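So this block is work_0.txt, compact mmCIF, C-alpha atoms:
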```txt
# COMPACT_ATOMS: atom_id res chain seq x y z
CA MET E 24 9.31 44.37 -34.49
CA SER E 25 10.85 40.96 -34.01
CA ARG E 26 9.55 37.99 -35.98
CA ARG E 27 10.12 35.58 -33.06
CA ALA E 28 7.58 32.80 -32.70
CA ARG E 29 6.41 34.32 -29.43
CA VAL E 30 5.72 37.64 -31.10
CA THR E 31 2.82 38.06 -33.49
CA SER E 32 2.37 41.44 -35.12
CA VAL E 33 -1.11 42.63 -35.98
CA VAL E 34 -1.54 45.34 -38.58
CA LEU E 35 -4.46 47.69 -38.03
CA ALA E 36 -4.99 51.10 -39.55
CA GLY E 37 -5.83 53.10 -36.43
CA VAL E 38 -7.09 56.65 -36.65
CA LEU E 39 -5.41 58.45 -33.78
CA ALA E 40 -6.89 61.61 -32.37
CA ALA E 41 -4.31 64.20 -31.42
CA GLY E 42 -6.58 65.68 -28.74
CA CYS E 43 -6.74 69.27 -27.62
CA GLY E 44 -3.74 70.50 -25.70
CA ARG E 45 -1.40 67.95 -27.24
CA GLY E 46 1.37 68.82 -29.70
CA GLY E 47 0.77 68.45 -33.39
CA GLY E 48 3.04 65.46 -34.08
CA GLN E 49 5.11 65.87 -37.22
CA ASN E 50 4.54 69.64 -37.24
CA ASP E 51 5.63 70.06 -33.65
CA ASP E 52 9.07 71.71 -33.78
CA GLN E 53 9.42 72.40 -30.07
CA ALA E 54 12.62 71.15 -28.48
CA ALA E 55 12.30 68.18 -26.14
CA ALA E 56 11.94 69.25 -22.52
CA PRO E 57 14.81 68.28 -20.21
CA VAL E 58 14.50 65.65 -17.48
CA ASN E 59 14.95 66.88 -13.92
CA GLU E 60 18.04 65.67 -12.08
CA GLY E 61 17.94 63.61 -8.93
CA PRO E 62 16.29 60.30 -7.97
CA ALA E 63 13.03 59.21 -9.53
CA THR E 64 9.89 59.76 -7.48
CA GLY E 65 6.23 58.88 -7.72
CA GLU E 66 4.41 56.18 -9.67
CA ILE E 67 4.54 55.30 -13.35
CA THR E 68 2.60 52.82 -15.43
CA VAL E 69 4.48 50.79 -18.04
CA TRP E 70 2.97 48.63 -20.76
CA ALA E 71 5.04 45.84 -22.29
CA MET E 72 4.16 42.98 -24.59
CA GLY E 73 4.93 39.31 -24.84
CA THR E 74 7.78 37.88 -22.77
CA GLU E 75 9.03 41.41 -22.10
CA GLY E 76 5.80 42.22 -20.30
CA GLU E 77 5.96 39.02 -18.30
CA LYS E 78 9.52 39.60 -17.07
CA LEU E 79 9.90 43.38 -16.85
CA SER E 80 8.95 43.36 -13.15
CA VAL E 81 12.44 41.97 -12.43
CA LEU E 82 14.07 45.20 -13.65
CA ALA E 83 11.28 47.33 -12.20
CA LYS E 84 12.13 46.02 -8.73
CA ASP E 85 15.81 46.87 -9.25
CA PHE E 86 14.84 50.39 -10.33
CA GLU E 87 12.64 50.81 -7.27
CA ALA E 88 15.47 49.64 -5.00
CA ALA E 89 17.71 52.34 -6.48
CA ASN E 90 14.89 54.91 -6.25
CA PRO E 91 12.98 54.18 -3.01
CA GLN E 92 10.43 56.93 -3.62
CA ALA E 93 9.45 55.55 -7.05
CA LYS E 94 6.94 52.86 -7.96
CA VAL E 95 6.74 51.08 -11.34
CA ASN E 96 3.47 49.37 -12.24
CA VAL E 97 3.94 46.95 -15.15
CA THR E 98 1.03 45.77 -17.29
CA ALA E 99 1.65 42.84 -19.62
CA ILE E 100 -0.24 42.99 -22.93
CA PRO E 101 -0.41 40.42 -25.73
CA TRP E 102 1.29 41.59 -28.92
CA ASP E 103 -1.82 40.91 -30.97
CA ALA E 104 -3.77 43.43 -28.89
CA ALA E 105 -1.02 46.05 -28.56
CA HIS E 106 -1.73 48.28 -31.54
CA ASP E 107 -5.44 48.60 -30.80
CA LYS E 108 -4.93 49.11 -27.08
CA ILE E 109 -2.34 51.85 -27.55
CA SER E 110 -4.46 53.53 -30.24
CA THR E 111 -7.51 53.55 -27.98
CA ALA E 112 -5.50 54.88 -25.06
CA ILE E 113 -4.13 57.71 -27.21
CA ALA E 114 -7.58 58.63 -28.52
CA GLY E 115 -9.00 58.71 -24.99
CA ARG E 116 -5.92 60.43 -23.54
CA GLN E 117 -5.53 57.58 -21.06
CA THR E 118 -2.08 56.40 -22.00
CA PRO E 119 0.45 54.75 -19.73
CA ASP E 120 3.57 56.75 -18.91
CA VAL E 121 5.82 54.40 -20.89
CA SER E 122 5.20 51.61 -23.38
CA LEU E 123 7.09 49.12 -25.46
CA VAL E 124 6.22 50.04 -29.05
CA GLY E 125 6.83 47.87 -32.09
CA THR E 126 9.30 49.58 -34.41
CA THR E 127 6.83 49.62 -37.29
CA TYR E 128 4.27 51.49 -35.15
CA MET E 129 6.55 54.39 -34.27
CA ALA E 130 5.75 56.64 -37.24
CA GLU E 131 1.99 56.27 -36.79
CA PHE E 132 2.04 57.11 -33.10
CA ALA E 133 4.66 59.86 -33.35
CA ARG E 134 2.80 61.64 -36.15
CA SER E 135 -0.39 61.55 -34.12
CA GLY E 136 1.32 63.85 -31.62
CA ALA E 137 1.07 61.22 -28.88
CA LEU E 138 4.76 60.59 -28.18
CA ASP E 139 7.13 62.77 -26.19
CA PRO E 140 10.32 63.67 -28.11
CA THR E 141 13.47 62.04 -26.76
CA PRO E 142 15.32 64.35 -24.36
CA GLU E 143 18.62 65.68 -25.71
CA THR E 144 20.43 64.21 -22.71
CA ILE E 145 19.96 60.75 -24.25
CA ASP E 146 22.83 60.22 -26.66
CA GLY E 147 21.73 58.38 -29.79
CA LYS E 148 25.32 57.45 -30.60
CA ARG E 149 25.30 54.97 -27.71
CA PHE E 150 22.95 52.75 -29.74
CA PHE E 151 23.41 50.75 -32.91
CA PRO E 152 22.50 53.11 -35.77
CA GLY E 153 19.89 50.82 -37.29
CA GLY E 154 18.14 50.53 -33.94
CA TRP E 155 18.24 54.26 -33.25
CA ASP E 156 16.81 54.99 -36.69
CA THR E 157 13.63 53.11 -35.76
CA THR E 158 12.84 55.89 -33.26
CA VAL E 159 13.37 58.75 -35.73
CA VAL E 160 10.30 60.16 -37.46
CA ASP E 161 10.60 63.21 -39.72
CA GLY E 162 14.07 63.90 -38.36
CA LYS E 163 13.19 63.73 -34.65
CA SER E 164 13.57 60.87 -32.17
CA TYR E 165 10.55 59.78 -30.14
CA GLY E 166 11.98 57.07 -27.93
CA VAL E 167 14.92 54.73 -27.57
CA PRO E 168 15.58 51.21 -28.89
CA TRP E 169 15.21 48.82 -25.96
CA TYR E 170 16.35 45.61 -27.61
CA VAL E 171 17.38 44.73 -31.14
CA GLU E 172 17.70 41.75 -33.42
CA THR E 173 19.20 41.18 -36.83
CA ARG E 174 19.52 38.32 -39.30
CA LEU E 175 22.49 36.08 -40.10
CA LEU E 176 23.12 33.01 -42.21
CA TYR E 177 22.75 29.82 -40.18
CA TYR E 178 24.57 26.91 -41.78
CA ARG E 179 25.68 23.34 -41.12
CA THR E 180 29.47 23.48 -40.89
CA ASP E 181 29.81 19.72 -41.29
CA LEU E 182 27.90 19.81 -44.58
CA ALA E 183 29.86 22.85 -45.73
CA GLN E 184 33.10 20.98 -45.04
CA LYS E 185 31.83 17.99 -46.99
CA ALA E 186 31.01 20.32 -49.89
CA THR E 187 34.38 22.08 -49.48
CA GLU E 188 32.51 25.34 -49.03
CA GLN E 189 33.25 28.23 -46.67
CA ALA E 190 30.76 30.76 -45.34
CA PRO E 191 29.87 32.91 -48.39
CA GLY E 192 31.23 36.45 -48.55
CA ASN E 193 29.26 37.71 -51.56
CA TRP E 194 26.27 36.87 -53.74
CA ALA E 195 28.15 34.65 -56.18
CA GLU E 196 29.60 32.69 -53.28
CA LEU E 197 26.16 32.33 -51.67
CA THR E 198 24.85 30.74 -54.85
CA GLY E 199 27.84 28.39 -54.99
CA PHE E 200 27.48 27.65 -51.28
CA ALA E 201 23.82 26.65 -51.57
CA THR E 202 24.59 24.60 -54.69
CA GLY E 203 27.41 22.75 -52.95
CA MET E 204 25.24 22.02 -49.92
CA LYS E 205 22.73 20.27 -52.18
CA GLN E 206 24.85 18.66 -54.85
CA ASP E 207 27.94 17.72 -52.87
CA ALA E 208 26.85 17.49 -49.23
CA GLY E 209 23.54 15.74 -49.79
CA ALA E 210 21.17 18.33 -48.33
CA LYS E 211 17.70 18.24 -49.88
CA TRP E 212 17.75 22.02 -49.95
CA GLY E 213 20.92 24.11 -50.00
CA ILE E 214 19.18 27.06 -48.37
CA ASN E 215 15.75 28.18 -47.26
CA LEU E 216 14.40 31.52 -48.49
CA GLN E 217 10.85 32.42 -47.60
CA ALA E 218 8.60 31.83 -50.61
CA GLY E 219 6.25 34.71 -49.96
CA GLY E 220 3.61 34.92 -47.25
CA LYS E 221 3.46 37.37 -44.35
CA GLY E 222 6.82 38.79 -43.36
CA ALA E 223 8.70 37.54 -46.42
CA TRP E 224 9.92 41.11 -46.99
CA GLN E 225 12.19 40.68 -43.96
CA THR E 226 14.13 37.98 -45.81
CA PHE E 227 14.00 39.75 -49.16
CA MET E 228 14.77 43.41 -48.30
CA PRO E 229 18.38 42.78 -47.19
CA PHE E 230 19.10 41.73 -50.78
CA VAL E 231 17.74 45.08 -51.99
CA TRP E 232 19.96 46.95 -49.56
CA GLN E 233 22.93 44.78 -50.50
CA ALA E 234 22.33 45.65 -54.17
CA GLY E 235 22.45 49.36 -53.28
CA GLY E 236 18.69 49.93 -53.41
CA ASP E 237 16.15 51.10 -50.87
CA ILE E 238 12.42 51.31 -50.23
CA THR E 239 12.15 55.09 -50.38
CA ASP E 240 14.10 58.16 -51.41
CA ASP E 241 13.78 60.36 -48.35
CA SER E 242 15.04 63.50 -50.07
CA ALA E 243 12.46 63.17 -52.86
CA LYS E 244 9.83 61.72 -50.51
CA LYS E 245 8.89 58.91 -52.86
CA TYR E 246 9.09 55.14 -53.13
CA THR E 247 11.92 53.54 -55.12
CA LEU E 248 10.58 50.02 -55.45
CA ASP E 249 10.93 49.98 -59.24
CA SER E 250 14.65 50.79 -59.22
CA PRO E 251 17.19 48.64 -61.10
CA GLU E 252 18.54 47.54 -57.71
CA VAL E 253 15.15 46.16 -56.63
CA VAL E 254 14.79 44.32 -59.94
CA LYS E 255 18.30 42.89 -59.50
CA ALA E 256 17.43 41.70 -55.98
CA LEU E 257 14.21 40.07 -57.24
CA GLU E 258 16.09 38.30 -60.03
CA TYR E 259 18.75 37.05 -57.64
CA TYR E 260 16.19 35.90 -55.07
CA LYS E 261 14.24 34.07 -57.78
CA SER E 262 17.36 32.30 -59.03
CA PHE E 263 17.46 30.09 -55.92
CA PHE E 264 13.93 28.87 -56.62
CA ASP E 265 14.62 28.37 -60.31
CA ALA E 266 17.62 26.19 -59.43
CA GLN E 267 15.55 24.29 -56.84
CA LEU E 268 17.99 25.20 -54.11
CA THR E 269 15.14 26.28 -51.83
CA PRO E 270 11.55 25.02 -51.51
CA ALA E 271 8.90 27.03 -53.35
CA THR E 272 6.24 26.36 -50.71
CA LEU E 273 5.76 27.76 -47.25
CA LEU E 274 7.07 25.54 -44.47
CA ARG E 275 5.00 24.11 -41.67
CA PRO E 276 5.81 25.24 -38.10
CA GLY E 277 8.94 23.44 -36.90
CA GLU E 278 9.80 22.07 -40.34
CA LEU E 279 12.81 24.35 -40.83
CA GLU E 280 14.35 23.56 -37.46
CA GLN E 281 13.88 19.81 -37.85
CA GLY E 282 15.22 19.96 -41.39
CA PHE E 283 18.30 21.84 -40.26
CA VAL E 284 18.93 19.32 -37.49
CA ASP E 285 18.56 16.28 -39.77
CA GLY E 286 20.56 17.89 -42.60
CA SER E 287 17.70 18.40 -45.06
CA PHE E 288 18.33 22.15 -45.00
CA GLY E 289 21.93 23.24 -45.36
CA SER E 290 21.36 26.88 -44.42
CA PHE E 291 18.82 29.63 -43.81
CA PHE E 292 18.62 33.28 -42.73
CA SER E 293 17.14 34.10 -39.34
CA GLY E 294 17.51 35.99 -36.08
CA PRO E 295 19.06 35.19 -32.69
CA TRP E 296 16.05 33.27 -31.36
CA HIS E 297 16.93 30.37 -33.63
CA MET E 298 20.10 29.64 -31.65
CA SER E 299 18.13 28.28 -28.71
CA LEU E 300 15.67 26.44 -30.95
CA ILE E 301 18.49 24.62 -32.74
CA ARG E 302 20.25 23.77 -29.51
CA GLU E 303 17.04 22.42 -28.00
CA GLN E 304 16.13 20.28 -31.00
CA GLY E 305 19.65 19.26 -32.04
CA GLY E 306 20.94 18.41 -28.60
CA ALA E 307 24.55 17.53 -27.89
CA GLY E 308 24.78 15.55 -31.13
CA LEU E 309 24.66 18.77 -33.17
CA ASP E 310 27.27 20.64 -31.14
CA GLY E 311 30.09 21.90 -33.33
CA LYS E 312 28.21 21.08 -36.53
CA TRP E 313 26.62 24.47 -37.17
CA ALA E 314 27.51 28.15 -37.07
CA VAL E 315 26.33 31.60 -38.12
CA ALA E 316 27.86 34.03 -40.61
CA ARG E 317 27.35 37.64 -41.58
CA MET E 318 25.29 38.61 -44.59
CA PRO E 319 26.97 38.20 -47.99
CA LYS E 320 28.03 41.42 -49.70
CA GLU E 321 27.18 42.78 -53.09
CA LYS E 322 27.52 46.58 -52.91
CA ALA E 323 26.91 46.24 -49.16
CA GLY E 324 26.45 43.46 -46.61
CA THR E 325 23.38 44.93 -44.94
CA SER E 326 20.92 42.93 -42.87
CA PHE E 327 17.50 43.68 -41.39
CA VAL E 328 17.22 45.16 -37.90
CA GLY E 329 14.15 44.74 -35.73
CA GLY E 330 13.37 44.78 -32.05
CA GLY E 331 11.33 46.99 -29.76
CA ASP E 332 11.39 50.66 -28.75
CA LEU E 333 10.49 52.38 -25.50
CA ALA E 334 8.36 55.49 -25.81
CA VAL E 335 7.07 58.03 -23.29
CA PHE E 336 3.68 59.57 -24.00
CA LYS E 337 2.89 63.27 -23.96
CA ASP E 338 -0.05 62.49 -21.69
CA ALA E 339 2.23 60.74 -19.19
CA LYS E 340 1.30 61.63 -15.63
CA ASN E 341 4.91 61.37 -14.42
CA ARG E 342 7.15 62.30 -17.34
CA ASP E 343 10.39 62.70 -15.39
CA THR E 344 10.27 59.28 -13.74
CA ALA E 345 9.10 57.73 -17.03
CA TRP E 346 12.23 58.95 -18.84
CA LYS E 347 14.43 58.01 -15.89
CA PHE E 348 13.09 54.46 -16.07
CA VAL E 349 13.76 54.39 -19.83
CA GLN E 350 17.31 55.62 -19.23
CA TYR E 351 17.77 52.97 -16.55
CA LEU E 352 16.67 50.20 -18.94
CA THR E 353 19.34 51.29 -21.42
CA ARG E 354 22.27 51.22 -19.01
CA PRO E 355 24.82 48.70 -20.32
CA GLU E 356 24.80 46.55 -17.19
CA VAL E 357 20.99 46.51 -17.10
CA GLN E 358 20.85 45.54 -20.77
CA VAL E 359 23.19 42.62 -20.06
CA LYS E 360 20.98 41.49 -17.19
CA TRP E 361 17.92 41.77 -19.44
CA TYR E 362 19.64 39.59 -22.04
CA GLY E 363 20.10 36.97 -19.33
CA GLU E 364 16.40 37.13 -18.45
CA THR E 365 14.91 37.16 -21.95
CA GLY E 366 17.59 36.59 -24.59
CA ASP E 367 16.86 40.06 -26.02
CA LEU E 368 19.99 41.48 -27.63
CA PRO E 369 21.21 44.81 -26.19
CA SER E 370 20.58 47.94 -28.26
CA VAL E 371 23.44 49.76 -26.50
CA ARG E 372 26.89 49.20 -27.97
CA ASP E 373 28.78 49.20 -24.66
CA ALA E 374 26.70 46.30 -23.36
CA TRP E 375 28.36 44.08 -25.96
CA GLN E 376 31.71 44.47 -24.20
CA ASP E 377 30.44 42.15 -21.46
CA THR E 378 31.93 38.67 -21.77
CA LYS E 379 28.44 37.12 -21.69
CA LEU E 380 28.08 38.45 -25.22
CA SER E 381 31.59 39.12 -26.48
CA GLY E 382 32.76 35.70 -25.29
CA ASP E 383 30.21 33.84 -27.39
CA PRO E 384 31.36 33.64 -31.06
CA MET E 385 27.82 33.42 -32.39
CA LEU E 386 26.52 36.33 -30.34
CA LYS E 387 29.61 38.32 -31.28
CA THR E 388 28.73 37.82 -34.96
CA PHE E 389 25.24 39.19 -34.33
CA GLY E 390 26.81 42.23 -32.66
CA GLU E 391 29.09 42.78 -35.64
CA GLN E 392 26.18 42.54 -38.08
CA LEU E 393 24.22 45.14 -36.11
CA ASP E 394 26.72 47.74 -37.32
CA ASP E 395 25.36 47.15 -40.83
CA ALA E 396 21.61 46.64 -40.47
CA LYS E 397 18.60 48.67 -41.58
CA SER E 398 14.93 48.98 -40.71
CA PRO E 399 12.01 49.84 -42.99
CA PRO E 400 11.20 53.54 -43.36
CA ALA E 401 9.41 55.35 -40.54
CA ILE E 402 6.10 55.76 -42.35
CA ALA E 403 2.63 55.15 -40.96
CA THR E 404 1.64 53.13 -44.03
CA TRP E 405 4.56 50.72 -43.89
CA GLU E 406 2.56 47.62 -42.94
CA GLN E 407 0.31 48.06 -46.00
CA VAL E 408 3.36 48.47 -48.25
CA ALA E 409 4.98 45.41 -46.66
CA THR E 410 1.94 43.35 -47.63
CA VAL E 411 2.36 44.50 -51.24
CA ILE E 412 6.02 43.41 -51.22
CA ASP E 413 5.11 40.03 -49.70
CA THR E 414 2.45 39.45 -52.37
CA LYS E 415 4.57 40.46 -55.36
CA LEU E 416 7.57 38.51 -54.09
CA GLU E 417 5.45 35.36 -53.95
CA GLU E 418 4.29 35.98 -57.53
CA VAL E 419 7.93 36.27 -58.65
CA VAL E 420 8.96 33.10 -56.81
CA LYS E 421 6.09 31.14 -58.40
CA GLY E 422 6.87 32.47 -61.85
CA VAL E 423 3.55 34.28 -62.13
CA THR E 424 5.13 37.74 -62.51
CA ALA E 425 8.50 38.72 -63.97
CA PRO E 426 10.84 40.59 -61.59
CA ALA E 427 10.69 43.87 -63.56
CA ASP E 428 6.89 43.74 -63.74
CA ALA E 429 6.68 42.95 -60.02
CA ALA E 430 8.90 45.92 -59.20
CA ARG E 431 6.70 48.25 -61.24
CA ALA E 432 3.60 46.88 -59.54
CA MET E 433 5.18 47.34 -56.09
CA GLN E 434 6.00 50.94 -56.96
CA SER E 435 2.52 51.68 -58.30
CA GLU E 436 0.65 50.14 -55.38
CA ALA E 437 2.97 51.66 -52.75
CA THR E 438 2.60 55.09 -54.35
CA SER E 439 -1.18 54.71 -54.23
CA ILE E 440 -0.99 53.81 -50.55
CA GLY E 441 1.21 56.84 -49.86
CA LEU E 442 4.04 57.66 -47.49
```
Take the structure in the file and write it out as structure tokens.
Amino acid sequence: MSRRARVTSVVLAGVLAAGCGRGGGQNDDQAAAPVNEGPATGEITVWAMGTEGEKLSVLAKDFEAANPQAKVNVTAIPWDAAHDKISTAIAGRQTPDVSLVGTTYMAEFARSGALDPTPETIDGKRFFPGGWDTTVVDGKSYGVPWYVETRLLYYRTDLAQKATEQAPGNWAELTGFATGMKQDAGAKWGINLQAGGKGAWQTFMPFVWQAGGDITDDSAKKYTLDSPEVVKALEYYKSFFDAQLTPATLLRPGELEQGFVDGSFGSFFSGPWHMSLIREQGGAGLDGKWAVARMPKEKAGTSFVGGGDLAVFKDAKNRDTAWKFVQYLTRPEVQVKWYGETGDLPSVRDAWQDTKLSGDPMLKTFGEQLDDAKSPPAIATWEQVATVIDTKLEEVVKGVTAPADAARAMQSEATSIGL
């Protein structure tokens, strides 16, 4: 799920009843049923959260115009109520036909037996691999990525020029880059890395992937949070705090954006939503003084991928039209229109050929990074494990726990929580 300011994720451990007559979730090996050909007909109910829920009616009307015998009823739901509302609907077998589902909820709902497997007529290769992987649970897809986001390095080009630094290509260069921003360009902080707190794992985990590590070993079905690669990533992350290149306290709302505009922060990692925030706060005076760059490489240059998935429920009253609407929303031209309405980045590769995206150097860089971006594992307990990572990362940053000890603690607590 995206970490945009307008999106707040709530983590609740819902107990989902499979219900008689419904498939058995992760043990259900039946092939996905095909979708009938021809125009869509009948009514469907669609749940969507946040801004997506507020604006989806625009695309619903276009779909209805192309399918005069179909009707799409959109219900907007706040993100902070989404998990509970979907859980309750599943338990009572009163689900909508289609819903936007946060990527970190997919495993929980799929394993409950509530989601309809993705029809084979939907080609997963059309999507960015990191986005598609968010729909895959125990080797089977249960939806499609609707929109995606990833993280890049935002940096002040004028300060970098003053420090005679270029966008960093690897870890050693990132350290030198942040050092130059502070010592030579006059920034108070060369970079901002989240010093713990909720969601800090999203900033930290790319360093683990770049070091060649991961959260789990799927083949062995176990966590790998005590690997040498995780320890290396913790040590490297901590080094920025030890050198006072990044603040060791959590920032107040708006502090990062204002600091970037006034030059206090030389750089930071974030997603595409920050482009509009910087433009709004910086105004014309900041034009040409900032840019974005891909993640630095160690063994890899991997970033985090988030976004939102579309899922059809097994208790859908109109399955065919539900999947036809999902397919419509992932047409390249529709994805481009949706980007214009919401700023959501397309999950479909072909949509990025449109000049609205390919013609913008910053957007183009986001598209390039999406080819090397990963999501957390599709496990129902992920949110609990993420909290463990957030907590131990903060202890490392504050010098309370050594990186190797923190990695062992992560592994022990995650193993106790389970996959």
If we count all atoms listed in the file and set the cut-off at 9 Å, which residues sit around Ile402 (chain E), ignoring sequence neighbours fewer than 6 positions away in its own chain? Please answer as a PyMOL selection string.
chain E and resi 127-131+160+442
Just the residues within 9 Å of Ile301 (chain E), please, counting only C-alpha atoms, with nothing from its chain fewer than 3 positions along; format it as a list of chain:residue names.
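Listed by chain and then number, they are E:Glu280, E:Gln281, E:Phe283, E:Val284, E:His297, E:Met298, E:Gln304, E:Gly305, E:Gly306, E:Leu309.
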Distance query Asp373 (chain E) at most 10 Å, all atoms listed in the file, self and fewer than 5 positions along chain excluded, as a ChimeraX atom specification:
/E:149-151,354-356,358-359
Using all atoms listed in the file for the distances, tell me which of E:Asp181, E:Asp332, E:Gln206, E:Ile412 is nearest to Leu123 (chain E).
E:Asp332
Please report the interatomic distance between CA of Gly330 (chain E) and CA of Pro168 (chain E) in Å with one decimal.
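Separation of CA of Gly330 (chain E) and CA of Pro168 (chain E): 7.5 Å.
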List every protein, DNA or RNA residue that has at least one atom no more than 12 Å from (18.6, 40.7, -19.7) in the file's coordinates, counting only C-alpha atoms, and write the result as number ranges by chain.
E: 74-75, 78-82, 169-170, 352-370, 374, 379-380
Need the shell around Gly282 (chain E): protein/DNA/RNA residues with any atom at most 12 Å away, counting all atoms listed in the file. Skip same-chain ones fewer than 6 positions apart. Format as a ChimeraX atom specification?
/E:178-179,210-215,270,274-276,288-291,301,304-305
In terms of the shortest atom-to-atom distance over only C-alpha atoms, which of E:Leu138, E:Val159, E:Met318, E:Ala223 is closest to Ala190 (chain E)?
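The closest residue to Ala190 (chain E) is E:Met318.
CA of Ala133 (chain E) sits 6.7 Å away from CA of Tyr165 (chain E).
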Give me the residues near Met72 (chain E) as an mmCIF file with C-alpha atoms, in the frame of the given file, where near means some atom within 7 Å (using all atoms listed in the file) and where sequence neighbours in that chain fewer than 6 positions away do not count.
```cif
data_model
loop_
_atom_site.group_PDB
_atom_site.id
_atom_site.type_symbol
_atom_site.label_atom_id
_atom_site.label_comp_id
_atom_site.auth_asym_id
_atom_site.auth_seq_id
_atom_site.Cartn_x
_atom_site.Cartn_y
_atom_site.Cartn_z
ATOM 1 C CA ALA E 99 1.650 42.840 -19.620
ATOM 2 C CA ILE E 100 -0.240 42.990 -22.930
ATOM 3 C CA PRO E 101 -0.410 40.420 -25.730
ATOM 4 C CA TRP E 102 1.290 41.590 -28.920
ATOM 5 C CA LEU E 123 7.090 49.120 -25.460
#
```
Quick one, how far is CA of Tyr177 (chain E) from CA of Val315 (chain E)?
4.5 Å
Using all atoms listed in the file - which residues lie no farther than 9 Å from the point (4.1, 59.9, -19.6) in the file's frame? Write them as a list in words.
Ile67, Thr68, Thr118, Pro119, Asp120, Val121, Leu138, Asp139, Ala334, Val335, Phe336, Lys337, Asp338, Ala339, Lys340, Asn341, Arg342, Asp343, Thr344, Ala345 and Trp346 of chain E
With a cut-off of 9 Å, could you pull out the residues of region 140-223 of chain E touching region 384-394 of chain E and give me the nearest pair of atoms for each, distance in Å to one decimal, using all atoms listed in the file, ordered by chain and ascending number, as a Markdown table?
```
| residue | atom | partner | partner_atom | distance |
| --- | --- | --- | --- | --- |
| E:Phe151 | CA | E:Asp394 | CA | 6.3 |
| E:Pro152 | CA | E:Asp394 | CA | 7.0 |
| E:Gly153 | CA | E:Leu393 | CA | 7.2 |
| E:Gly154 | CA | E:Leu393 | CA | 8.4 |
| E:Val171 | CA | E:Leu393 | CA | 8.5 |
| E:Glu172 | CA | E:Leu393 | CA | 7.8 |
| E:Thr173 | CA | E:Leu393 | CA | 6.4 |
| E:Arg174 | CA | E:Phe389 | CA | 7.6 |
| E:Leu175 | CA | E:Phe389 | CA | 7.1 |
```
So, with only C-alpha atoms as the atoms that count, which of E:Ala56, E:Ile109, E:Ala63, E:Val231 lies closest to Tyr351 (chain E)?
E:Ala63
Nearest candidate to Pro426 (chain E) (options E:Gly286, E:Val254, E:Trp296, E:Val328; using only C-alpha atoms):
E:Val254
